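Colleague: Pasting structure_11.pdb below, which is PDB, C-alpha atoms.
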```pdb
ATOM      1  CA  MET A   1       1.378  -7.786  12.730
ATOM      2  CA  LEU A   2       0.929  -4.040  13.097
ATOM      3  CA  VAL A   3       2.548  -3.238   9.744
ATOM      4  CA  PRO A   4       0.225  -5.391   7.548
ATOM      5  CA  PHE A   5      -2.742  -4.012   9.495
ATOM      6  CA  LEU A   6      -1.761  -0.360   9.033
ATOM      7  CA  ILE A   7      -0.725  -0.724   5.391
ATOM      8  CA  MET A   8      -3.917  -2.544   4.439
ATOM      9  CA  PHE A   9      -5.959  -0.034   6.422
ATOM     10  CA  ARG A  10      -4.429   2.823   4.434
ATOM     11  CA  GLU A  11      -4.772   0.983   1.114
ATOM     12  CA  GLY A  12      -8.328   0.069   1.989
ATOM     13  CA  VAL A  13      -9.200   3.658   2.878
ATOM     14  CA  GLU A  14      -7.807   4.806  -0.482
ATOM     15  CA  ALA A  15      -9.915   2.243  -2.347
ATOM     16  CA  ALA A  16     -13.001   2.975  -0.201
ATOM     17  CA  LEU A  17     -12.548   6.705  -0.768
ATOM     18  CA  ILE A  18     -12.489   6.187  -4.536
ATOM     19  CA  VAL A  19     -15.562   3.939  -4.484
ATOM     20  CA  GLY A  20     -17.368   6.327  -2.128
ATOM     21  CA  ILE A  21     -16.731   9.289  -4.408
ATOM     22  CA  ILE A  22     -18.020   7.331  -7.403
ATOM     23  CA  ALA A  23     -21.124   6.098  -5.565
ATOM     24  CA  SER A  24     -21.959   9.545  -4.154
ATOM     25  CA  TYR A  25     -21.585  11.222  -7.536
ATOM     26  CA  LEU A  26     -23.796   8.639  -9.242
ATOM     27  CA  GLN A  27     -26.493   9.065  -6.606
ATOM     28  CA  ARG A  28     -26.278  12.851  -6.664
ATOM     29  CA  THR A  29     -26.563  13.041 -10.454
ATOM     30  CA  GLY A  30     -29.532  10.671 -10.641
ATOM     31  CA  ARG A  31     -27.512   7.773 -12.052
ATOM     32  CA  GLY A  32     -27.738   5.420  -9.072
ATOM     33  CA  ALA A  33     -28.981   2.651 -11.366
ATOM     34  CA  TRP A  34     -25.364   2.229 -12.509
ATOM     35  CA  MET A  35     -24.210   1.058  -9.048
ATOM     36  CA  PRO A  36     -24.413  -2.666  -9.960
ATOM     37  CA  VAL A  37     -21.936  -1.913 -12.752
ATOM     38  CA  VAL A  38     -19.631  -0.312 -10.187
ATOM     39  CA  TRP A  39     -19.751  -3.470  -8.074
ATOM     40  CA  ILE A  40     -18.861  -5.558 -11.124
ATOM     41  CA  GLY A  41     -15.738  -3.440 -11.602
ATOM     42  CA  ILE A  42     -14.843  -3.786  -7.908
ATOM     43  CA  LEU A  43     -15.270  -7.569  -7.893
ATOM     44  CA  LEU A  44     -13.246  -7.960 -11.094
ATOM     45  CA  ALA A  45     -10.458  -5.845  -9.595
ATOM     46  CA  LEU A  46     -10.418  -7.944  -6.404
ATOM     47  CA  ALA A  47     -10.359 -11.170  -8.406
ATOM     48  CA  PHE A  48      -7.506  -9.873 -10.556
ATOM     49  CA  SER A  49      -5.471  -8.820  -7.510
ATOM     50  CA  LEU A  50      -5.976 -12.191  -5.816
ATOM     51  CA  ALA A  51      -5.001 -13.998  -9.029
ATOM     52  CA  VAL A  52      -1.778 -11.980  -9.295
ATOM     53  CA  GLY A  53      -0.911 -12.752  -5.686
ATOM     54  CA  ALA A  54      -1.712 -16.456  -6.025
ATOM     55  CA  ALA A  55       0.312 -16.763  -9.234
ATOM     56  CA  LEU A  56       3.375 -15.119  -7.692
ATOM     57  CA  GLN A  57       3.111 -17.196  -4.517
ATOM     58  CA  LEU A  58       2.714 -20.475  -6.426
ATOM     59  CA  ALA A  59       5.638 -19.614  -8.691
ATOM     60  CA  SER A  60       7.904 -18.982  -5.706
ATOM     61  CA  VAL A  61       7.191 -22.411  -4.184
ATOM     62  CA  GLU A  62       8.979 -24.150  -7.052
ATOM     63  CA  PHE A  63      12.223 -22.186  -6.643
ATOM     64  CA  PRO A  64      15.391 -23.684  -5.085
ATOM     65  CA  GLN A  65      16.870 -21.943  -2.031
ATOM     66  CA  LYS A  66      19.018 -19.323  -3.787
ATOM     67  CA  ALA A  67      16.255 -18.594  -6.258
ATOM     68  CA  GLN A  68      13.878 -18.188  -3.311
ATOM     69  CA  GLU A  69      16.190 -15.548  -1.853
ATOM     70  CA  LEU A  70      16.364 -13.818  -5.238
ATOM     71  CA  PHE A  71      12.575 -13.909  -5.502
ATOM     72  CA  GLU A  72      12.268 -12.431  -1.995
ATOM     73  CA  ALA A  73      14.696  -9.656  -2.941
ATOM     74  CA  ALA A  74      12.846  -8.910  -6.189
ATOM     75  CA  ILE A  75       9.447  -8.780  -4.461
ATOM     76  CA  GLY A  76      10.900  -6.539  -1.770
ATOM     77  CA  LEU A  77      12.361  -4.133  -4.330
ATOM     78  CA  VAL A  78       9.089  -3.998  -6.245
ATOM     79  CA  ALA A  79       7.241  -3.391  -2.962
ATOM     80  CA  VAL A  80       9.592  -0.501  -2.149
ATOM     81  CA  CYS A  81       8.920   1.100  -5.541
ATOM     82  CA  VAL A  82       5.169   0.529  -5.261
ATOM     83  CA  LEU A  83       4.876   1.870  -1.709
ATOM     84  CA  THR A  84       7.017   4.915  -2.470
ATOM     85  CA  SER A  85       5.129   5.784  -5.647
ATOM     86  CA  MET A  86       1.822   5.290  -3.826
ATOM     87  CA  VAL A  87       2.823   7.693  -1.050
ATOM     88  CA  PHE A  88       3.951  10.462  -3.404
ATOM     89  CA  TRP A  89       1.077   9.908  -5.843
ATOM     90  CA  MET A  90      -1.562  10.197  -3.126
ATOM     91  CA  ARG A  91       0.095  13.301  -1.684
ATOM     92  CA  LYS A  92      -0.353  14.951  -5.075
ATOM     93  CA  ALA A  93      -3.682  13.399  -6.097
ATOM     94  CA  ALA A  94      -5.600  13.857  -2.829
ATOM     95  CA  ARG A  95      -6.400  17.482  -3.727
ATOM     96  CA  SER A  96      -7.839  16.708  -7.171
ATOM     97  CA  ILE A  97      -8.941  13.064  -7.075
ATOM     98  CA  LYS A  98     -12.642  13.927  -6.649
ATOM     99  CA  ALA A  99     -12.765  16.176  -9.722
ATOM    100  CA  GLU A 100     -10.794  13.660 -11.789
ATOM    101  CA  LEU A 101     -13.151  10.824 -10.861
ATOM    102  CA  HIS A 102     -16.207  12.952 -11.636
ATOM    103  CA  ASN A 103     -14.803  13.777 -15.074
ATOM    104  CA  SER A 104     -13.990  10.117 -15.702
ATOM    105  CA  ILE A 105     -17.532   9.071 -14.767
ATOM    106  CA  ASP A 106     -19.053  11.689 -17.070
ATOM    107  CA  ALA A 107     -16.789  10.548 -19.899
ATOM    108  CA  ALA A 108     -17.568   6.859 -19.321
ATOM    109  CA  LEU A 109     -21.329   7.376 -19.193
ATOM    110  CA  GLY A 110     -21.397  10.055 -21.877
ATOM    111  CA  ALA A 111     -20.362   7.705 -24.672
ATOM    112  CA  PRO A 112     -23.280   6.730 -26.923
ATOM    113  CA  SER A 113     -22.479   3.019 -26.678
ATOM    114  CA  ARG A 114     -20.833   0.620 -24.212
ATOM    115  CA  ARG A 115     -21.340   3.024 -21.330
ATOM    116  CA  GLY A 116     -21.424   0.151 -18.866
ATOM    117  CA  PHE A 117     -18.111  -1.186 -20.104
ATOM    118  CA  GLY A 118     -16.517   2.227 -19.751
ATOM    119  CA  LEU A 119     -17.659   2.549 -16.132
ATOM    120  CA  ILE A 120     -16.542  -1.015 -15.344
ATOM    121  CA  ALA A 121     -13.111  -0.296 -16.822
ATOM    122  CA  MET A 122     -12.774   2.943 -14.859
ATOM    123  CA  VAL A 123     -13.684   1.315 -11.530
ATOM    124  CA  PHE A 124     -11.585  -1.772 -12.300
ATOM    125  CA  LEU A 125      -8.443   0.266 -12.994
ATOM    126  CA  ALA A 126      -8.930   2.467  -9.928
ATOM    127  CA  VAL A 127      -9.453  -0.431  -7.505
ATOM    128  CA  ALA A 128      -7.025  -2.863  -9.157
ATOM    129  CA  ARG A 129      -4.247  -0.314  -8.717
ATOM    130  CA  GLU A 130      -4.752  -0.413  -4.954
ATOM    131  CA  GLY A 131      -5.146  -4.199  -5.006
ATOM    132  CA  VAL A 132      -1.931  -4.925  -6.903
ATOM    133  CA  GLU A 133      -0.024  -2.488  -4.669
ATOM    134  CA  SER A 134      -1.315  -4.439  -1.678
ATOM    135  CA  VAL A 135      -0.339  -7.774  -3.223
ATOM    136  CA  PHE A 136       3.312  -6.827  -3.653
ATOM    137  CA  PHE A 137       3.545  -5.374  -0.179
ATOM    138  CA  LEU A 138       1.865  -8.366   1.459
ATOM    139  CA  LEU A 139       4.100 -10.851  -0.365
ATOM    140  CA  ALA A 140       7.129  -8.971   0.949
ATOM    141  CA  ALA A 141       5.691  -8.595   4.452
ATOM    142  CA  PHE A 142       4.512 -12.197   4.822
ATOM    143  CA  GLN A 143       8.073 -13.388   4.202
ATOM    144  CA  GLN A 144       9.149 -11.541   7.345
ATOM    145  CA  GLU A 145       6.076 -11.462   9.585
ATOM    146  CA  SER A 146       4.523 -14.100  11.806
ATOM    147  CA  GLY A 147       1.718 -16.443  10.821
ATOM    148  CA  MET A 148      -0.824 -13.950  12.157
ATOM    149  CA  ALA A 149       0.082 -11.367   9.514
ATOM    150  CA  PRO A 150      -2.697 -12.424   7.079
ATOM    151  CA  LEU A 151      -5.290 -11.980   9.832
ATOM    152  CA  ALA A 152      -3.855  -8.547  10.673
ATOM    153  CA  ALA A 153      -4.053  -7.562   6.995
ATOM    154  CA  LEU A 154      -7.658  -8.778   6.808
ATOM    155  CA  ALA A 155      -8.512  -6.778   9.932
ATOM    156  CA  GLY A 156      -7.045  -3.674   8.309
ATOM    157  CA  VAL A 157      -9.184  -4.189   5.199
ATOM    158  CA  LEU A 158     -12.348  -4.725   7.248
ATOM    159  CA  LEU A 159     -11.725  -1.591   9.316
ATOM    160  CA  ALA A 160     -11.047   0.387   6.130
ATOM    161  CA  ALA A 161     -14.332  -0.880   4.664
ATOM    162  CA  ALA A 162     -16.175   0.271   7.798
ATOM    163  CA  VAL A 163     -14.509   3.695   7.651
ATOM    164  CA  GLY A 164     -15.279   3.937   3.931
ATOM    165  CA  TYR A 165     -18.939   3.186   4.535
ATOM    166  CA  GLY A 166     -18.958   5.727   7.357
ATOM    167  CA  ILE A 167     -17.549   8.362   5.021
ATOM    168  CA  TYR A 168     -20.185   7.543   2.400
ATOM    169  CA  ALA A 169     -23.004   7.575   4.976
ATOM    170  CA  GLY A 170     -21.779  10.875   6.410
ATOM    171  CA  SER A 171     -21.130   9.585   9.942
ATOM    172  CA  VAL A 172     -17.330   9.789   9.661
ATOM    173  CA  ARG A 173     -15.316  12.871   8.782
ATOM    174  CA  LEU A 174     -11.722  12.194   7.755
ATOM    175  CA  ASP A 175      -8.943  14.776   7.552
ATOM    176  CA  LEU A 176      -7.305  13.451   4.398
ATOM    177  CA  ARG A 177      -4.265  15.707   4.497
ATOM    178  CA  ARG A 178      -3.222  14.607   7.982
ATOM    179  CA  PHE A 179      -4.202  10.990   7.402
ATOM    180  CA  PHE A 180      -2.094  10.609   4.261
ATOM    181  CA  ARG A 181       0.732  12.718   5.718
ATOM    182  CA  TRP A 182       1.321  10.570   8.794
ATOM    183  CA  THR A 183       0.570   7.202   7.194
ATOM    184  CA  GLY A 184       2.773   8.204   4.262
ATOM    185  CA  ALA A 185       5.708   8.976   6.552
ATOM    186  CA  PHE A 186       5.199   5.642   8.319
ATOM    187  CA  ILE A 187       5.116   3.785   4.999
ATOM    188  CA  LEU A 188       8.476   5.309   4.022
ATOM    189  CA  PHE A 189      10.000   3.765   7.163
ATOM    190  CA  VAL A 190       8.459   0.424   6.180
ATOM    191  CA  ALA A 191       9.824   0.779   2.638
ATOM    192  CA  ALA A 192      13.319   1.518   3.988
ATOM    193  CA  GLY A 193      13.153  -1.677   6.046
ATOM    194  CA  LEU A 194      12.033  -3.672   3.014
ATOM    195  CA  LEU A 195      14.920  -2.246   1.001
ATOM    196  CA  ALA A 196      17.459  -3.260   3.658
ATOM    197  CA  ASN A 197      15.920  -6.751   3.797
ATOM    198  CA  SER A 198      16.148  -6.993   0.011
ATOM    199  CA  VAL A 199      19.866  -6.145   0.175
ATOM    200  CA  ARG A 200      20.287  -8.942   2.726
ATOM    201  CA  ALA A 201      18.365 -11.359   0.496
ATOM    202  CA  LEU A 202      20.542 -10.425  -2.490
ATOM    203  CA  HIS A 203      23.599 -11.287  -0.387
ATOM    204  CA  GLU A 204      22.100 -14.636   0.610
ATOM    205  CA  ALA A 205      21.357 -15.297  -3.063
ATOM    206  CA  GLY A 206      25.039 -14.676  -3.822
ATOM    207  CA  LEU A 207      24.458 -11.571  -5.940
ATOM    208  CA  TRP A 208      25.672  -8.884  -3.534
ATOM    209  CA  ASN A 209      28.755  -9.497  -1.412
ATOM    210  CA  HIS A 210      30.046  -5.982  -0.775
ATOM    211  CA  TRP A 211      30.066  -4.105   2.545
ATOM    212  CA  GLN A 212      29.073  -7.147   4.584
ATOM    213  CA  GLN A 213      30.954  -6.142   7.709
ATOM    214  CA  VAL A 214      28.703  -5.984  10.773
ATOM    215  CA  VAL A 215      28.580  -2.414  12.069
ATOM    216  CA  PHE A 216      27.379  -3.295  15.588
ATOM    217  CA  ASP A 217      25.793  -6.235  17.365
ATOM    218  CA  ILE A 218      23.226  -5.573  20.088
ATOM    219  CA  SER A 219      21.574  -8.994  19.922
ATOM    220  CA  GLY A 220      22.467  -9.452  23.596
ATOM    221  CA  VAL A 221      20.531  -6.314  24.545
ATOM    222  CA  LEU A 222      17.649  -6.245  22.064
ATOM    223  CA  PRO A 223      17.449  -9.456  20.006
ATOM    224  CA  MET A 224      15.211  -9.503  16.966
ATOM    225  CA  ASP A 225      13.206 -12.456  18.323
ATOM    226  CA  SER A 226      12.240 -10.573  21.501
ATOM    227  CA  PRO A 227       8.763  -8.980  21.646
ATOM    228  CA  LEU A 228      10.135  -5.434  21.267
ATOM    229  CA  GLY A 229      12.688  -6.521  18.668
ATOM    230  CA  SER A 230       9.987  -8.239  16.617
ATOM    231  CA  LEU A 231       7.800  -5.134  16.788
ATOM    232  CA  LEU A 232      10.637  -2.819  15.730
ATOM    233  CA  SER A 233      11.690  -5.242  12.996
ATOM    234  CA  GLY A 234       8.191  -5.436  11.561
ATOM    235  CA  MET A 235       7.555  -1.699  11.742
ATOM    236  CA  PHE A 236      10.921  -0.141  10.942
ATOM    237  CA  GLY A 237      13.127  -2.966   9.616
ATOM    238  CA  TYR A 238      15.170  -3.218  12.827
ATOM    239  CA  VAL A 239      18.151  -5.611  12.692
ATOM    240  CA  ASP A 240      20.182  -6.430  15.791
ATOM    241  CA  ALA A 241      23.432  -6.919  13.830
ATOM    242  CA  PRO A 242      23.191  -4.835  10.619
ATOM    243  CA  THR A 243      25.869  -4.765   7.941
ATOM    244  CA  ILE A 244      27.257  -1.673   6.262
ATOM    245  CA  SER A 245      25.260  -2.335   3.087
ATOM    246  CA  GLU A 246      21.999  -2.663   5.030
ATOM    247  CA  ILE A 247      22.555   0.603   6.909
ATOM    248  CA  VAL A 248      23.548   2.433   3.716
ATOM    249  CA  ALA A 249      20.457   1.110   1.924
ATOM    250  CA  TYR A 250      18.145   1.980   4.826
ATOM    251  CA  PHE A 251      19.263   5.537   5.501
ATOM    252  CA  GLY A 252      20.291   6.227   1.890
ATOM    253  CA  PHE A 253      16.656   5.699   0.960
ATOM    254  CA  LEU A 254      14.854   6.963   4.059
ATOM    255  CA  VAL A 255      16.536  10.338   4.583
ATOM    256  CA  PRO A 256      15.993  11.814   1.080
ATOM    257  CA  ALA A 257      12.572  10.164   0.635
ATOM    258  CA  LEU A 258      11.289  11.444   3.974
ATOM    259  CA  TRP A 259      12.697  14.917   3.337
ATOM    260  CA  LEU A 260      11.109  15.132  -0.114
ATOM    261  CA  PHE A 261       7.793  13.855   1.203
ATOM    262  CA  LEU A 262       7.546  16.174   4.210
ATOM    263  CA  ALA A 263       9.056  19.195   2.452
ATOM    264  CA  GLY A 264       6.589  18.872  -0.411
ATOM    265  CA  GLN A 265       3.480  18.831   1.756
ATOM    266  CA  PRO A 266       0.951  21.454   0.666
ATOM    267  CA  GLY A 267       0.386  24.258   3.099
ATOM    268  CA  SER A 268      -3.260  24.618   2.217
ATOM    269  CA  GLN A 269      -6.072  24.040   4.660
ATOM    270  CA  SER A 270      -6.839  20.426   5.605
ATOM    271  CA  ALA A 271      -9.256  18.620   3.337
ATOM    272  CA  THR A 272     -12.052  16.794   5.176
ATOM    273  CA  VAL A 273     -14.212  14.227   3.448
ATOM    274  CA  SER A 274     -17.710  13.194   4.387
ATOM    275  CA  LYS A 275     -20.798  12.272   2.408
ATOM    276  CA  GLN A 276     -21.520  15.912   1.788
ATOM    277  CA  GLY A 277     -17.980  16.524   0.527
ATOM    278  CA  ALA A 278     -17.649  13.390  -1.557
TER     279      ALA A 278
END
```
Kindly return the structure encoded in the file as structure tokens.

Modeller:
Amino acid sequence: MLVPFLIMFREGVEAALIVGIIASYLQRTGRGAWMPVVWIGILLALAFSLAVGAALQLASVEFPQKAQELFEAAIGLVAVCVLTSMVFWMRKAARSIKAELHNSIDAALGAPSRRGFGLIAMVFLAVAREGVESVFFLLAAFQQESGMAPLAALAGVLLAAAVGYGIYAGSVRLDLRRFFRWTGAFILFVAAGLLANSVRALHEAGLWNHWQQVVFDISGVLPMDSPLGSLLSGMFGYVDAPTISEIVAYFGFLVPALWLFLAGQPGSQSATVSKQGA
């Protein structure tokens, strides 16, 4: 349950940060009357994300067993791509996201006509991006997690909303560089586990049958269904009897991705966001 909570907390903080920057800039520039338009964009983005998730989930119910495994593998691979791109995008964008949003707001409200539509579209695209990312991750995670995973994800969103409001109100100061650095590294471990699980699902679907020899079996010492095994499986993709292909996929992705992510961290001073800095 910890993984859905942490991922949704990070995704929620990203979305709340974007909305907080928009709201603060509108208030500071005397355009607070446009806030209802911002909420329209947020609600449309949430509805779109939920519709995408519901459509994918309903489509998967109709699949036979092998097609279900293929669907699980495809969702897992998409989730790996989405999570990885999100981590590297935020590492780069965190330093300039405020200026970019301010420019986008000025452009949307500076048009002589349809200013409301421009602001709605800007907010919709910004929030929907986070929402669709969350949908693909949650679909992949719910296939592996317990029945409490949706509640953990909801708790992460609610905590992120509280932190986002605290940032906007000025009562919470958040070191963005450290926050995105450590959560980003954690997400790369999660993505590596999803990739290994996708390789296993491709094998069960009959599409990948190479390197299926079991490297080691420690199910007698630390089984996956034990409390610690379940925690390690959910957080880091732990398998008590991994195959060669799963280990190659896991470390073949994790080692270069983690090195690129940590080696590319900016050495500049930590950025802290509060109401005054938003």

Colleague: Enumerate, as JSON, numbers by chain, the residues matched when the PyMOL selection byres ((chain A and resi 101-111) around 9) is run on the file above.

Modeller: {"A": [18, 21, 22, 25, 26, 96, 97, 98, 99, 100, 112, 113, 114, 115, 116, 117, 118, 119, 120, 121, 122]}

Colleague: So that I have them on file, write out the residues from the current selection with C-alpha atoms, as a PDB file, keeping the file's coordinate frame.

Modeller:
```pdb
ATOM      1  CA  ILE A  18     -12.489   6.187  -4.536  1.00  0.00           C
ATOM      2  CA  ILE A  21     -16.731   9.289  -4.408  1.00  0.00           C
ATOM      3  CA  ILE A  22     -18.020   7.331  -7.403  1.00  0.00           C
ATOM      4  CA  TYR A  25     -21.585  11.222  -7.536  1.00  0.00           C
ATOM      5  CA  LEU A  26     -23.796   8.639  -9.242  1.00  0.00           C
ATOM      6  CA  SER A  96      -7.839  16.708  -7.171  1.00  0.00           C
ATOM      7  CA  ILE A  97      -8.941  13.064  -7.075  1.00  0.00           C
ATOM      8  CA  LYS A  98     -12.642  13.927  -6.649  1.00  0.00           C
ATOM      9  CA  ALA A  99     -12.765  16.176  -9.722  1.00  0.00           C
ATOM     10  CA  GLU A 100     -10.794  13.660 -11.789  1.00  0.00           C
ATOM     11  CA  PRO A 112     -23.280   6.730 -26.923  1.00  0.00           C
ATOM     12  CA  SER A 113     -22.479   3.019 -26.678  1.00  0.00           C
ATOM     13  CA  ARG A 114     -20.833   0.620 -24.212  1.00  0.00           C
ATOM     14  CA  ARG A 115     -21.340   3.024 -21.330  1.00  0.00           C
ATOM     15  CA  GLY A 116     -21.424   0.151 -18.866  1.00  0.00           C
ATOM     16  CA  PHE A 117     -18.111  -1.186 -20.104  1.00  0.00           C
ATOM     17  CA  GLY A 118     -16.517   2.227 -19.751  1.00  0.00           C
ATOM     18  CA  LEU A 119     -17.659   2.549 -16.132  1.00  0.00           C
ATOM     19  CA  ILE A 120     -16.542  -1.015 -15.344  1.00  0.00           C
ATOM     20  CA  ALA A 121     -13.111  -0.296 -16.822  1.00  0.00           C
ATOM     21  CA  MET A 122     -12.774   2.943 -14.859  1.00  0.00           C
TER      22      MET A 122
END
```

Colleague: To one decimal place in Å, what is the distance between atom CA of A:Leu70 and atom CA of A:Ser198?

Modeller: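 Going from atom CA of A:Leu70 over to atom CA of A:Ser198 covers 8.6 Å.
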
Colleague: One decimal, Å: what's the distance from atom CA of A:Leu17 over to atom CA of A:Ala162, could you say?

Modeller: 11.3 Å

Colleague: Expand the PyMOL selection byres ((chain A and resi 222) around 12) into the explicit residue set it covers here, and present it as an NGL selection string.

Modeller: :A and (217-221 or 223-233 or 238-241)

Colleague: Translate the PyMOL selection byres ((chain A and resi 35-52) around 10), as applied to the file shown, into an explicit residue set as an MDAnalysis selection string.

Modeller: chainID A and resid 15 19 22:23 26:27 31:34 53:57 115:136

Colleague: Can stretch 69-81 of chain A be brought up to N, CA and C atoms and written out as an mmCIF file, in the frame of the given file?

Modeller:
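Heads up, here's the output in rebuild-v6.cif:
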```cif
data_model
loop_
_atom_site.group_PDB
_atom_site.id
_atom_site.type_symbol
_atom_site.label_atom_id
_atom_site.label_comp_id
_atom_site.auth_asym_id
_atom_site.auth_seq_id
_atom_site.Cartn_x
_atom_site.Cartn_y
_atom_site.Cartn_z
ATOM 1 N N GLU A 69 15.643 -16.798 -2.393
ATOM 2 C CA GLU A 69 16.190 -15.548 -1.853
ATOM 3 C C GLU A 69 16.138 -14.445 -2.900
ATOM 4 N N LEU A 70 16.428 -14.804 -4.159
ATOM 5 C CA LEU A 70 16.364 -13.818 -5.238
ATOM 6 C C LEU A 70 14.933 -13.341 -5.444
ATOM 7 N N PHE A 71 13.987 -14.267 -5.365
ATOM 8 C CA PHE A 71 12.575 -13.909 -5.502
ATOM 9 C C PHE A 71 12.151 -12.975 -4.369
ATOM 10 N N GLU A 72 12.588 -13.282 -3.134
ATOM 11 C CA GLU A 72 12.268 -12.431 -1.995
ATOM 12 C C GLU A 72 12.844 -11.030 -2.190
ATOM 13 N N ALA A 73 14.079 -10.962 -2.700
ATOM 14 C CA ALA A 73 14.696 -9.656 -2.941
ATOM 15 C C ALA A 73 13.933 -8.885 -4.014
ATOM 16 N N ALA A 74 13.560 -9.572 -5.091
ATOM 17 C CA ALA A 74 12.846 -8.910 -6.189
ATOM 18 C C ALA A 74 11.487 -8.388 -5.727
ATOM 19 N N ILE A 75 10.748 -9.213 -4.969
ATOM 20 C CA ILE A 75 9.447 -8.780 -4.461
ATOM 21 C C ILE A 75 9.611 -7.592 -3.519
ATOM 22 N N GLY A 76 10.650 -7.649 -2.683
ATOM 23 C CA GLY A 76 10.900 -6.539 -1.770
ATOM 24 C C GLY A 76 11.202 -5.250 -2.509
ATOM 25 N N LEU A 77 12.017 -5.331 -3.559
ATOM 26 C CA LEU A 77 12.361 -4.133 -4.330
ATOM 27 C C LEU A 77 11.137 -3.566 -5.044
ATOM 28 N N VAL A 78 10.321 -4.461 -5.603
ATOM 29 C CA VAL A 78 9.089 -3.998 -6.245
ATOM 30 C C VAL A 78 8.175 -3.347 -5.213
ATOM 31 N N ALA A 79 8.086 -3.956 -4.019
ATOM 32 C CA ALA A 79 7.241 -3.391 -2.962
ATOM 33 C C ALA A 79 7.727 -2.005 -2.551
ATOM 34 N N VAL A 80 9.041 -1.822 -2.482
ATOM 35 C CA VAL A 80 9.592 -0.501 -2.149
ATOM 36 C C VAL A 80 9.167 0.531 -3.193
ATOM 37 N N CYS A 81 9.303 0.173 -4.461
ATOM 38 C CA CYS A 81 8.920 1.100 -5.541
ATOM 39 C C CYS A 81 7.428 1.406 -5.501
#
```
